[in-house]
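Structure data follow from target-v1.txt (compact mmCIF, C-alpha atoms):
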```txt
# COMPACT_ATOMS: atom_id res chain seq x y z
CA MET A 197 84.31 38.97 -74.53
CA LYS A 198 84.55 35.34 -73.48
CA TYR A 199 86.59 34.68 -70.32
CA LEU A 200 86.52 38.38 -69.47
CA ASP A 201 82.94 39.45 -68.87
CA GLU A 202 82.23 36.53 -66.52
CA PHE A 203 85.12 37.63 -64.30
CA ARG A 204 83.95 41.24 -64.28
CA ASN A 205 80.55 40.42 -62.80
CA LYS A 206 79.71 43.20 -60.32
CA ALA A 207 77.21 41.14 -58.31
CA ALA A 208 79.83 38.43 -57.81
CA ALA A 209 82.45 40.95 -56.70
CA LYS A 210 80.01 42.47 -54.19
CA ARG A 211 79.03 39.07 -52.78
CA LEU A 212 82.69 38.24 -52.36
CA ALA A 213 83.19 41.57 -50.62
CA SER A 214 80.51 40.74 -48.07
CA ARG A 215 81.98 37.25 -47.57
CA ILE A 216 85.39 38.81 -47.00
CA SER A 217 83.96 41.28 -44.47
CA SER A 218 82.29 38.62 -42.41
CA GLU A 219 85.30 36.31 -42.59
CA VAL A 220 87.98 38.83 -41.66
CA GLY A 221 86.57 39.99 -38.32
CA GLU A 222 88.20 42.99 -36.71
CA GLY A 223 91.92 42.32 -36.91
CA GLU A 224 94.19 44.28 -39.23
CA VAL A 225 95.22 42.34 -42.34
CA THR A 226 97.97 43.47 -44.72
CA LEU A 227 98.10 41.85 -48.14
CA MET A 228 100.59 42.55 -50.89
CA GLU A 229 99.81 42.32 -54.57
CA VAL A 230 103.23 41.57 -55.98
CA CYS A 231 102.48 42.21 -59.65
CA GLY A 232 102.12 45.64 -61.26
CA THR A 233 99.26 44.47 -63.45
CA HIS A 234 97.37 43.55 -60.27
CA THR A 235 98.10 47.00 -58.85
CA MET A 236 96.62 48.55 -61.96
CA ALA A 237 93.54 46.30 -61.80
CA VAL A 238 93.06 47.03 -58.06
CA HIS A 239 92.88 50.74 -58.83
CA ARG A 240 91.00 50.53 -62.11
CA TYR A 241 88.19 48.45 -60.62
CA GLY A 242 88.09 50.21 -57.26
CA ILE A 243 88.89 47.02 -55.32
CA LYS A 244 90.08 48.92 -52.25
CA GLY A 245 86.66 50.57 -52.02
CA LEU A 246 84.99 47.15 -51.86
CA LEU A 247 87.12 45.90 -48.98
CA PRO A 248 86.56 46.50 -45.28
CA PRO A 249 88.87 49.20 -43.85
CA ASN A 250 90.95 46.73 -41.83
CA ILE A 251 92.24 45.05 -45.00
CA ARG A 252 95.21 46.93 -46.39
CA LEU A 253 96.47 46.23 -49.90
CA LEU A 254 100.09 47.12 -50.58
CA SER A 255 101.79 47.19 -53.97
CA GLY A 256 104.94 45.16 -54.38
CA PRO A 257 108.01 45.10 -56.59
CA GLY A 258 106.36 43.45 -59.63
CA CYS A 259 106.60 46.30 -62.10
CA PRO A 260 109.62 45.47 -64.29
CA VAL A 261 110.30 48.99 -65.49
CA CYS A 262 109.99 50.36 -61.94
CA VAL A 263 112.55 48.03 -60.38
CA THR A 264 115.12 48.58 -63.13
CA SER A 265 118.07 50.45 -61.66
CA ASN A 266 119.15 53.90 -62.78
CA ARG A 267 122.50 52.45 -63.71
CA TYR A 268 120.84 50.23 -66.31
CA ILE A 269 118.81 53.13 -67.70
CA ASP A 270 121.95 55.31 -67.85
CA LYS A 271 123.69 52.55 -69.77
CA ALA A 272 120.80 52.23 -72.23
CA ILE A 273 120.89 55.99 -72.74
CA ALA A 274 124.65 55.89 -73.34
CA TYR A 275 124.20 53.15 -75.96
CA SER A 276 121.47 55.16 -77.67
CA LYS A 277 123.99 57.98 -78.22
CA GLN A 278 126.28 55.75 -80.29
CA SER A 279 125.65 56.55 -83.95
CA ASP A 280 125.90 52.94 -85.14
CA VAL A 281 123.36 51.68 -82.60
CA ILE A 282 119.61 51.21 -82.97
CA LEU A 283 118.06 50.74 -79.54
CA THR A 284 114.86 48.69 -79.45
CA THR A 285 112.61 48.52 -76.41
CA PHE A 286 109.10 48.05 -75.08
CA GLY A 287 107.41 51.45 -74.87
CA ASP A 288 107.38 51.84 -71.10
CA MET A 289 111.16 52.24 -70.86
CA VAL A 290 111.35 55.32 -73.06
CA LYS A 291 110.07 57.88 -70.57
CA VAL A 292 111.83 56.50 -67.49
CA PRO A 293 114.19 59.18 -66.14
CA GLY A 294 117.78 58.04 -65.65
CA SER A 295 120.33 60.02 -63.67
CA ARG A 296 120.67 62.81 -66.23
CA SER A 297 118.40 62.11 -69.20
CA SER A 298 115.83 59.71 -70.59
CA LEU A 299 115.56 57.76 -73.83
CA ALA A 300 112.69 60.06 -74.86
CA ARG A 301 114.98 63.06 -74.49
CA GLU A 302 117.74 61.35 -76.46
CA MET A 303 115.21 60.52 -79.20
CA SER A 304 114.39 64.20 -79.52
CA ARG A 305 118.14 64.81 -79.92
CA GLY A 306 118.36 62.30 -82.75
CA ALA A 307 119.02 58.94 -81.08
CA ASP A 308 117.57 56.01 -83.01
CA VAL A 309 115.31 54.40 -80.41
CA ARG A 310 112.51 52.23 -81.71
CA ILE A 311 109.57 50.96 -79.70
CA VAL A 312 108.70 47.36 -80.47
CA TYR A 313 105.76 45.16 -79.53
CA SER A 314 107.83 41.98 -79.33
CA THR A 315 111.37 40.65 -79.71
CA THR A 316 110.30 39.40 -83.15
CA ASP A 317 110.06 43.05 -84.22
CA ALA A 318 113.53 43.77 -82.79
CA LEU A 319 115.01 40.84 -84.74
CA LYS A 320 113.40 42.10 -87.93
CA ILE A 321 114.96 45.54 -87.38
CA ALA A 322 118.34 43.82 -86.96
CA ARG A 323 117.88 41.84 -90.18
CA ASP A 324 116.91 45.01 -92.08
CA ASN A 325 119.88 47.00 -90.72
CA THR A 326 122.86 44.66 -90.87
CA GLU A 327 125.35 47.55 -90.95
CA ARG A 328 124.19 48.72 -87.51
CA LYS A 329 124.12 47.20 -84.04
CA VAL A 330 120.62 46.56 -82.79
CA ILE A 331 120.30 46.38 -79.01
CA PHE A 332 117.12 45.13 -77.33
CA LEU A 333 116.47 46.28 -73.76
CA GLY A 334 115.83 43.02 -71.92
CA VAL A 335 113.68 44.17 -69.02
CA GLY A 336 111.07 41.96 -67.44
CA PHE A 337 110.33 38.94 -65.27
CA GLU A 338 109.79 35.24 -65.90
CA THR A 339 106.92 36.08 -68.27
CA THR A 340 109.05 38.14 -70.65
CA VAL A 341 112.34 36.25 -70.47
CA PRO A 342 111.31 33.29 -72.67
CA THR A 343 110.43 35.71 -75.47
CA VAL A 344 113.87 37.31 -75.21
CA ALA A 345 115.64 33.96 -74.95
CA THR A 346 113.76 32.84 -78.07
CA SER A 347 115.07 35.89 -79.96
CA ILE A 348 118.66 35.04 -79.00
CA LEU A 349 118.22 31.43 -80.13
CA GLU A 350 116.71 32.66 -83.39
CA ALA A 351 119.59 35.13 -83.93
CA ASP A 352 121.98 32.24 -83.30
CA ARG A 353 120.21 29.98 -85.79
CA MET A 354 120.39 32.71 -88.41
CA GLY A 355 124.01 33.53 -87.64
CA MET A 356 123.19 37.18 -86.97
CA LYS A 357 126.09 39.34 -85.83
CA ASN A 358 124.34 42.62 -85.09
CA TYR A 359 121.66 41.64 -82.53
CA PHE A 360 122.39 42.21 -78.84
CA VAL A 361 120.45 42.13 -75.59
CA LEU A 362 121.11 44.37 -72.60
CA SER A 363 119.76 42.07 -69.91
CA ALA A 364 118.27 43.26 -66.64
CA HIS A 365 115.87 40.36 -66.34
CA LYS A 366 114.68 39.56 -62.86
CA LEU A 367 113.02 36.73 -60.95
CA ILE A 368 110.05 37.32 -58.67
CA PRO A 369 110.38 34.73 -55.84
CA PRO A 370 113.80 36.02 -54.63
CA ALA A 371 112.33 39.53 -54.39
CA MET A 372 109.44 38.24 -52.27
CA LYS A 373 111.98 36.52 -50.04
CA ALA A 374 114.02 39.74 -49.76
CA LEU A 375 110.92 41.67 -48.62
CA LEU A 376 110.11 39.04 -45.99
CA ASP A 377 113.72 38.94 -44.79
CA GLY A 378 113.94 42.75 -44.77
CA GLY A 379 111.40 42.80 -41.96
CA GLU A 380 110.26 46.36 -42.73
CA LEU A 381 106.65 45.31 -42.92
CA LYS A 382 104.42 42.58 -41.73
CA ILE A 383 102.81 40.89 -44.72
CA ASP A 384 99.90 38.59 -43.86
CA GLY A 385 99.40 37.24 -47.38
CA PHE A 386 100.63 37.53 -50.94
CA ILE A 387 98.54 37.86 -54.09
CA CYS A 388 101.02 36.17 -56.43
CA PRO A 389 101.50 37.26 -60.04
CA GLY A 390 99.27 35.42 -62.50
CA HIS A 391 101.37 35.58 -65.62
CA VAL A 392 104.75 35.01 -64.03
CA SER A 393 103.12 31.87 -62.60
CA THR A 394 101.99 30.65 -66.05
CA ILE A 395 105.72 30.10 -66.65
CA THR A 396 107.02 29.21 -63.17
CA GLY A 397 104.07 27.19 -61.93
CA THR A 398 102.89 27.46 -58.34
CA GLN A 399 105.63 25.46 -56.62
CA VAL A 400 108.09 28.36 -56.63
CA TYR A 401 106.09 30.00 -53.84
CA GLU A 402 106.00 26.94 -51.55
CA PHE A 403 108.93 28.22 -49.46
CA ILE A 404 106.86 31.21 -48.34
CA PRO A 405 104.14 29.40 -46.35
CA ARG A 406 106.68 26.75 -45.29
CA ASN A 407 109.40 29.07 -43.98
CA TYR A 408 107.47 32.26 -43.18
CA ARG A 409 103.93 30.98 -42.49
CA VAL A 410 102.57 33.49 -45.01
CA PRO A 411 99.73 32.33 -47.31
CA CYS A 412 100.02 32.82 -51.07
CA VAL A 413 97.28 32.87 -53.71
CA VAL A 414 98.04 33.02 -57.42
CA ALA A 415 95.39 35.27 -58.97
CA GLY A 416 94.00 36.33 -62.32
CA PHE A 417 93.58 39.96 -63.29
CA GLU A 418 89.84 40.57 -63.42
CA PRO A 419 88.04 42.07 -60.41
CA VAL A 420 86.28 38.82 -59.47
CA ASP A 421 89.63 36.99 -59.68
CA ILE A 422 91.23 39.45 -57.28
CA MET A 423 88.29 39.42 -54.86
CA GLN A 424 88.24 35.62 -54.86
CA ALA A 425 91.98 35.55 -54.17
CA ILE A 426 91.56 37.98 -51.28
CA TYR A 427 88.72 35.85 -49.89
CA THR A 428 90.93 32.76 -50.02
CA LEU A 429 93.80 34.60 -48.32
CA VAL A 430 91.51 35.91 -45.57
CA GLN A 431 90.11 32.41 -45.02
CA GLN A 432 93.63 31.02 -44.62
CA ILE A 433 94.67 33.84 -42.28
CA THR A 434 91.67 33.60 -39.96
CA ARG A 435 91.93 29.81 -39.82
CA GLY A 436 95.66 29.81 -39.18
CA ILE A 437 96.45 28.03 -42.45
CA ALA A 438 99.38 28.96 -44.68
CA GLU A 439 99.60 27.37 -48.11
CA VAL A 440 99.87 28.15 -51.82
CA ALA A 441 96.47 28.28 -53.51
CA ASN A 442 95.75 28.84 -57.16
CA GLN A 443 92.74 30.98 -58.03
CA TYR A 444 93.88 31.39 -61.66
CA ARG A 445 93.59 27.74 -62.63
CA ARG A 446 92.36 28.54 -66.10
CA ALA A 447 95.83 29.86 -67.00
CA VAL A 448 98.24 28.59 -64.36
CA ARG A 449 99.22 24.94 -64.01
CA LYS A 450 101.11 23.61 -61.03
CA GLU A 451 104.05 22.76 -63.29
CA GLY A 452 103.90 26.06 -65.20
CA ASN A 453 105.25 26.07 -68.77
CA PRO A 454 108.27 23.72 -68.81
CA LYS A 455 109.01 24.44 -72.46
CA ALA A 456 109.34 28.17 -71.77
CA ARG A 457 111.57 27.49 -68.75
CA GLU A 458 113.78 25.25 -70.86
CA VAL A 459 114.27 28.10 -73.33
CA ILE A 460 115.06 30.53 -70.49
CA TYR A 461 117.73 28.33 -68.93
CA GLU A 462 119.25 27.38 -72.27
CA VAL A 463 120.17 31.03 -72.77
CA PHE A 464 120.33 32.55 -69.28
CA GLU A 465 121.77 31.65 -65.90
CA PRO A 466 120.89 33.10 -62.48
CA SER A 467 122.97 36.02 -61.23
CA ASP A 468 122.78 38.68 -58.55
CA SER A 469 120.68 41.65 -59.60
CA ASP A 470 120.19 45.23 -58.48
CA TRP A 471 116.58 46.22 -57.75
CA ARG A 472 115.57 49.86 -57.39
CA GLY A 473 114.63 50.47 -53.78
CA ILE A 474 115.70 47.05 -52.56
CA GLY A 475 119.33 46.80 -53.65
CA VAL A 476 121.24 43.75 -54.83
CA ILE A 477 119.32 40.51 -54.26
CA PRO A 478 121.36 37.30 -54.62
CA GLN A 479 120.44 35.09 -57.57
CA SER A 480 117.45 37.26 -58.47
CA GLY A 481 118.54 38.15 -62.01
CA LEU A 482 119.38 36.39 -65.23
CA MET A 483 122.55 36.89 -67.24
CA ILE A 484 123.32 35.52 -70.69
CA ARG A 485 125.32 32.28 -70.57
CA GLN A 486 128.88 32.14 -71.92
CA ARG A 487 127.71 30.14 -74.92
CA TYR A 488 125.50 33.03 -76.09
CA ARG A 489 127.81 35.81 -74.88
CA LYS A 490 128.17 37.18 -78.41
CA TYR A 491 124.58 38.45 -78.08
CA ASP A 492 125.27 40.20 -74.76
CA ALA A 493 125.44 43.96 -75.36
CA GLU A 494 127.60 44.64 -72.30
CA ALA A 495 130.16 41.99 -73.27
CA ASN A 496 130.52 43.22 -76.83
CA ILE A 497 129.87 46.95 -77.08
CA ASP A 498 131.96 49.31 -74.98
CA VAL A 499 130.23 52.15 -73.29
CA GLU A 500 131.20 54.56 -70.53
CA ILE A 501 128.76 55.98 -68.05
CA GLU A 502 129.13 58.43 -65.19
CA PRO A 503 128.17 57.33 -61.69
CA SER A 504 124.40 57.00 -61.40
CA ALA A 505 122.34 59.20 -59.11
CA GLU A 506 118.79 58.99 -57.80
CA ASN A 507 116.41 61.93 -57.49
CA PRO A 508 116.63 62.48 -53.71
CA ARG A 509 112.96 63.46 -53.42
CA CYS A 510 111.57 60.47 -55.34
CA ILE A 511 110.31 57.73 -52.98
CA CYS A 512 109.80 55.11 -55.70
CA GLY A 513 112.20 52.75 -53.89
CA ALA A 514 110.19 52.81 -50.66
CA ILE A 515 106.96 52.36 -52.64
CA LEU A 516 108.40 49.27 -54.34
CA ARG A 517 109.13 47.78 -50.91
CA GLY A 518 105.55 48.54 -49.81
CA VAL A 519 106.69 50.76 -46.93
CA LYS A 520 105.34 54.00 -48.42
CA GLU A 521 102.40 54.94 -50.62
CA PRO A 522 102.40 57.49 -53.44
CA LEU A 523 100.36 60.06 -51.51
CA GLU A 524 103.26 60.33 -49.04
CA CYS A 525 105.50 61.68 -51.81
CA THR A 526 105.94 65.45 -52.10
CA LEU A 527 106.36 65.17 -55.88
CA PHE A 528 103.24 63.05 -56.52
CA GLY A 529 100.64 64.61 -58.78
CA SER A 530 102.25 68.03 -58.86
CA LEU A 531 105.87 67.88 -59.97
CA CYS A 532 105.62 64.22 -60.97
CA THR A 533 102.84 63.16 -63.36
CA PRO A 534 102.62 60.54 -66.14
CA GLU A 535 103.30 63.33 -68.67
CA HIS A 536 106.35 64.60 -66.75
CA PRO A 537 107.50 61.70 -64.56
CA LYS A 538 110.30 62.14 -62.03
CA GLY A 539 110.41 58.49 -61.08
CA ALA A 540 109.91 55.13 -62.73
CA CYS A 541 106.79 54.28 -60.68
CA MET A 542 104.94 57.14 -62.42
CA VAL A 543 106.03 56.08 -65.91
CA SER A 544 104.96 52.51 -66.35
CA SER A 545 101.32 51.62 -66.81
CA GLU A 546 102.02 49.01 -64.13
CA GLY A 547 103.64 51.51 -61.76
CA THR A 548 102.00 52.16 -58.41
CA CYS A 549 102.20 55.95 -58.74
CA ALA A 550 100.70 55.83 -62.25
CA ALA A 551 97.88 53.60 -60.97
CA TYR A 552 97.15 56.02 -58.10
CA TYR A 553 97.32 58.98 -60.46
CA ASN A 554 95.19 57.50 -63.24
CA TYR A 555 92.56 55.76 -61.15
CA GLY A 556 92.97 57.28 -57.68
CA ARG A 557 89.91 58.80 -56.09
CA GLN A 558 92.07 61.29 -54.22
CA MET A 559 92.81 64.68 -55.74
CA PRO A 560 96.48 65.29 -56.49
CA LYS A 561 98.24 67.67 -54.18
CA LYS A 562 98.72 71.23 -55.33
CA PRO A 563 102.14 72.22 -56.68
CA GLU A 564 104.53 73.52 -54.07
CA GLY A 565 105.65 77.13 -53.76
CA MET B 8 103.38 44.67 -70.68
CA CYS B 9 101.12 41.87 -69.43
CA LEU B 10 98.03 41.77 -71.62
CA ALA B 11 95.68 39.73 -69.53
CA ILE B 12 93.22 39.08 -72.32
CA PRO B 13 92.69 35.53 -73.59
CA ILE B 14 93.00 35.46 -77.38
CA ARG B 15 91.38 32.83 -79.60
CA ILE B 16 93.60 31.28 -82.26
CA VAL B 17 91.84 31.37 -85.63
CA GLU B 18 94.68 30.41 -87.97
CA ARG B 19 97.98 28.61 -87.65
CA HIS B 20 100.94 28.59 -90.02
CA GLY B 21 103.75 26.65 -88.35
CA ILE B 22 104.84 28.54 -85.25
CA VAL B 23 102.91 31.61 -86.29
CA GLY B 24 99.27 31.88 -85.27
CA ILE B 25 96.65 34.48 -85.94
CA GLY B 26 94.72 35.37 -82.80
CA GLU B 27 91.45 37.22 -82.60
CA VAL B 28 90.04 39.23 -79.76
CA GLY B 29 87.04 41.54 -79.96
CA GLY B 30 87.14 41.45 -83.75
CA VAL B 31 90.81 42.48 -83.92
CA ARG B 32 93.34 40.05 -85.40
CA ARG B 33 97.00 39.93 -84.50
CA GLN B 34 99.95 37.67 -85.05
CA VAL B 35 100.90 35.39 -82.15
CA ASP B 36 104.12 33.39 -81.86
CA LEU B 37 103.19 29.87 -80.74
CA GLN B 38 106.62 28.28 -80.27
CA LEU B 39 106.57 28.34 -76.45
CA LEU B 40 103.58 25.96 -76.36
CA ASP B 41 102.93 22.47 -77.61
CA ASP B 42 99.72 21.42 -79.32
CA VAL B 43 97.92 24.71 -79.86
CA GLN B 44 94.88 24.01 -82.04
CA ILE B 45 92.69 26.39 -83.97
CA GLY B 46 89.90 27.46 -81.64
CA ASP B 47 92.07 27.33 -78.49
CA TYR B 48 92.27 30.37 -76.24
CA VAL B 49 95.79 31.41 -75.27
CA ILE B 50 97.30 33.98 -72.90
CA VAL B 51 99.56 36.28 -74.91
CA HIS B 52 102.49 38.26 -73.60
CA ALA B 53 104.66 40.51 -75.78
CA GLY B 54 103.57 38.73 -78.95
CA PHE B 55 104.07 35.18 -77.65
CA ALA B 56 101.44 32.73 -76.44
CA ILE B 57 102.71 31.74 -72.98
CA GLN B 58 99.93 29.40 -71.85
CA LYS B 59 96.80 27.73 -73.15
CA LEU B 60 93.61 28.67 -71.38
CA ASP B 61 92.07 25.62 -69.75
CA GLU B 62 88.37 25.93 -70.55
CA GLU B 63 87.36 23.20 -68.08
CA GLU B 64 89.16 24.96 -65.24
CA ALA B 65 87.56 28.26 -66.25
CA ALA B 66 84.11 26.61 -66.12
CA GLU B 67 84.92 25.12 -62.71
CA THR B 68 86.05 28.45 -61.27
CA LEU B 69 82.84 30.05 -62.56
CA SER B 70 80.66 27.29 -61.15
CA LEU B 71 82.34 27.60 -57.73
CA LEU B 72 81.68 31.28 -57.96
CA SER B 73 78.03 30.89 -58.80
CA GLU B 74 77.63 28.45 -55.90
CA LEU B 75 79.20 31.01 -53.64
CA ILE B 76 76.82 33.69 -54.84
CA SER B 77 73.67 31.58 -54.74
CA GLY B 78 74.67 30.29 -51.32
CA ASP B 79 74.30 33.82 -50.00
CA SER B 80 70.82 34.46 -51.32
```

Structure encoded using structure tokens:
Amino acid sequence: MKYLDEFRNKAAAKRLASRISSEVGEGEVTLMEVCGTHTMAVHRYGIKGLLPPNIRLLSGPGCPVCVTSNRYIDKAIAYSKQSDVILTTFGDMVKVPGSRSSLAREMSRGADVRIVYSTTDALKIARDNTERKVIFLGVGFETTVPTVATSILEADRMGMKNYFVLSAHKLIPPAMKALLDGGELKIDGFICPGHVSTITGTQVYEFIPRNYRVPCVVAGFEPVDIMQAIYTLVQQITRGIAEVANQYRRAVRKEGNPKAREVIYEVFEPSDSDWRGIGVIPQSGLMIRQRYRKYDAEANIDVEIEPSAENPRCICGAILRGVKEPLECTLFGSLCTPEHPKGACMVSSEGTCAAYYNYGRQMPKKPEG
Amino acid sequence: MCLAIPIRIVERHGIVGIGEVGGVRRQVDLQLLDDVQIGDYVIVHAGFAIQKLDEEEAAETLSLLSELISGDS
């Protein structure tokens, strides 16, 4: 397929690998791929196997389902139990375990949860079921938010009274800042998310090289894209340069997509947000503005939830901060699998644990006891 | 959720486009972009085209790449 095959060229990836090896020398280099889709591509294409052993790739917090807090999931589950509610969501959210249940379990008990491909589908469900409240689970980053904001504007234009969004939308740059400020790990370079950047543009990362002297490269999702981004990062690191580079020029403009951002900020405003594993990050989320509050599920539909609890053995939080890897988890591959996930990172196709499980070369550990 | 595949727009009816990839057609909402023409490649996320693919930039990235490869041999 055009614009895919060229960027999957094995010979090119191997040449880049040898360039990277000769450029990097002997020092240890730690790079973080922020985006979950990059994590998946890194594992699917065996990128780690192409790199010299002194380059370490860590997964970051860029899997939207993974960073969604248990409290949010518990709330979604509680809404799904209300008989006049139809819950609509992207598929990944359904199997995520909350504190006591999951949407999949509630579906088997009769909850009306419908998986949609886009917010357009959710709006159609609302139009076809005017006697019921239709709630869309607004989970995702800058890439997804304009599609959700568009659905709220459309509901407003049509005067709909039964469409609501439960928003847990998050912004990527504040999370990158929180990881750098947290000081738990030394990151030598960031592979920045390609599709978030189609919306934000590349300028949102400028504070990272400026304030932290850490290079950033926005990358596409094919193996050659990722190898080229790593090569650029390694070049910057060995030459003592720190700047924002854009490897994914075919899709990412410096100014991003201003029209999409306009739609986002018409409907949403920045707010503090709770990230699994990281905690509350100031101004890292998006809440629905007062003007569109009638489409905010939390502001309009009462629900009670018990205090949320995390599975004490799940290390998803530490994995999302890049301080642990899935193979360090006692649940991984035995008690926690994509079929029976214990934590969010094993559920999502973009989750680090799922990527290790589905594409990992290592055998899963045997079940305990 | 991020489908990284560029989709070619083959029809357009107002804000609704029909995209084609690998012989499969699907509906694409075009309202987040200006000036999408039939024949353009777009990046699609959750049913919405979020950016037009810049074919000149793609060609440039590929030519840099081929220079890099031939430079080694």

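Considering the residues B:Leu75, B:Val23, B:Ile12, B:Val28 and counting all atoms listed in the file, Val43 (chain B) has its shortest atom-to-atom contact with B:Val23.
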
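In this comparison, which uses only C-alpha atoms, the residue of B:Ser70, B:Arg32, B:Glu63, B:Glu27 approaching chain A most closely is B:Glu63.
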
May I have the residues within 9 Å of Ile383 (chain A) as a tab-separated table (two decimals) with C-alpha atoms, keeping the file's coordinate frame, using all atoms listed in the file and disregarding those fewer than 4 positions away in the same chain?
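See out.tsv below for the written result:
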```tsv
chain	number	residue	atom	x	y	z
A	225	VAL	CA	95.22	42.34	-42.34
A	226	THR	CA	97.97	43.47	-44.72
A	227	LEU	CA	98.10	41.85	-48.14
A	228	MET	CA	100.59	42.55	-50.89
A	254	LEU	CA	100.09	47.12	-50.58
A	376	LEU	CA	110.11	39.04	-45.99
A	410	VAL	CA	102.57	33.49	-45.01
```

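Of the listed residues A:Asn266, A:Ser297, A:Ser480, A:Thr285, the one whose atoms come nearest to chain B is A:Thr285, with distances taken using only C-alpha atoms.
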
Contacts of Gln38 (chain B) within 8 Å, only C-alpha atoms, excl. fewer than 5 positions in-chain, as a short mmCIF file (atom, residue, chain, number, x, y, z; two decimals) with C-alpha atoms, in the frame of the given file:
```cif
data_model
loop_
_atom_site.label_atom_id
_atom_site.label_comp_id
_atom_site.auth_asym_id
_atom_site.auth_seq_id
_atom_site.Cartn_x
_atom_site.Cartn_y
_atom_site.Cartn_z
CA ILE B 22 104.84 28.54 -85.25
CA VAL B 23 102.91 31.61 -86.29
CA PHE B 55 104.07 35.18 -77.65
CA ALA B 56 101.44 32.73 -76.44
#
```

Any chance you could tabulate, as a Markdown table, the residues of chain B at most 10 Å from chain A with each one's nearest atom pair and distance in Å to one decimal, using all atoms listed in the file, in chain and rising number order?
```
| residue | atom | partner | partner_atom | distance |
| --- | --- | --- | --- | --- |
| B:Met8 | CA | A:Phe286 | CA | 8.0 |
| B:Cys9 | CA | A:Thr233 | CA | 6.8 |
| B:Leu10 | CA | A:Thr233 | CA | 8.7 |
| B:Ala11 | CA | A:Phe417 | CA | 6.6 |
| B:Ile12 | CA | A:Leu200 | CA | 7.3 |
| B:Pro13 | CA | A:Tyr199 | CA | 7.0 |
| B:Ile14 | CA | A:Lys198 | CA | 9.3 |
| B:Arg15 | CA | A:Lys198 | CA | 9.5 |
| B:Val28 | CA | A:Met197 | CA | 7.8 |
| B:Gly29 | CA | A:Met197 | CA | 6.6 |
| B:Gly30 | CA | A:Met197 | CA | 10.0 |
| B:Val35 | CA | A:Ser314 | CA | 10.0 |
| B:Asp36 | CA | A:Thr316 | CA | 8.7 |
| B:Gln38 | CA | A:Thr346 | CA | 8.8 |
| B:Leu39 | CA | A:Ala456 | CA | 5.4 |
| B:Leu40 | CA | A:Lys455 | CA | 6.9 |
| B:Asp41 | CA | A:Lys455 | CA | 8.2 |
| B:Tyr48 | CA | A:Tyr199 | CA | 9.3 |
| B:Val49 | CA | A:Ala447 | CA | 8.4 |
| B:Ile50 | CA | A:Ala447 | CA | 7.3 |
| B:Val51 | CA | A:His391 | CA | 9.5 |
| B:His52 | CA | A:Thr340 | CA | 7.2 |
| B:Ala53 | CA | A:Ser314 | CA | 5.0 |
| B:Gly54 | CA | A:Ser314 | CA | 5.4 |
| B:Phe55 | CA | A:Thr343 | CA | 6.7 |
| B:Ala56 | CA | A:Thr343 | CA | 9.5 |
| B:Ile57 | CA | A:Thr394 | CA | 7.1 |
| B:Gln58 | CA | A:Thr394 | CA | 6.3 |
| B:Lys59 | CA | A:Ala447 | CA | 6.6 |
| B:Leu60 | CA | A:Ala447 | CA | 5.1 |
| B:Asp61 | CA | A:Arg446 | CA | 4.7 |
| B:Glu62 | CA | A:Arg446 | CA | 6.5 |
| B:Glu63 | CA | A:Arg446 | CA | 7.6 |
| B:Glu64 | CA | A:Arg446 | CA | 4.9 |
| B:Ala65 | CA | A:Arg446 | CA | 4.8 |
| B:Ala66 | CA | A:Arg446 | CA | 8.5 |
| B:Glu67 | CA | A:Arg446 | CA | 8.9 |
| B:Thr68 | CA | A:Arg445 | CA | 7.7 |
| B:Leu69 | CA | A:Glu202 | CA | 7.6 |
| B:Leu72 | CA | A:Ala208 | CA | 7.4 |
| B:Ser73 | CA | A:Ala208 | CA | 7.8 |
| B:Leu75 | CA | A:Arg211 | CA | 8.1 |
| B:Ile76 | CA | A:Arg211 | CA | 6.2 |
| B:Ser77 | CA | A:Arg211 | CA | 9.4 |
| B:Gly78 | CA | A:Arg211 | CA | 9.9 |
| B:Asp79 | CA | A:Arg211 | CA | 7.6 |
| B:Ser80 | CA | A:Arg211 | CA | 9.5 |
```

Near Ala505 (chain A), within 9 Å and counting all atoms listed in the file, which residues show up once chain neighbours fewer than 5 positions away are dropped, as a VMD selection string? chain A and resid 266 to 267 294 to 296

Name the residues in contact with Ile25 (chain B) at a cut-off of 8 Å, using all atoms listed in the file, excluding same-chain residues fewer than 4 positions from it; report them as a ChimeraX atom specification. /B:16-19,32-35

Residue neighbourhood Ala274 (chain A), 9 Å, all atoms listed in the file, exclusion window fewer than 3 positions, as a VMD selection string: chain A and resid 269 to 271 277 to 278 499 to 501

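Interatomic distance, CA of His239 (chain A) against CA of Ala551 (chain A): 6.1 Å.
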
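Take CA of Arg323 (chain A) and CA of Lys357 (chain A): the distance between them is 9.6 Å.
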
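Atom pair CA of Arg485 (chain A) / CA of Ser469 (chain A) has a distance of 15.2 Å (rounded to one decimal).
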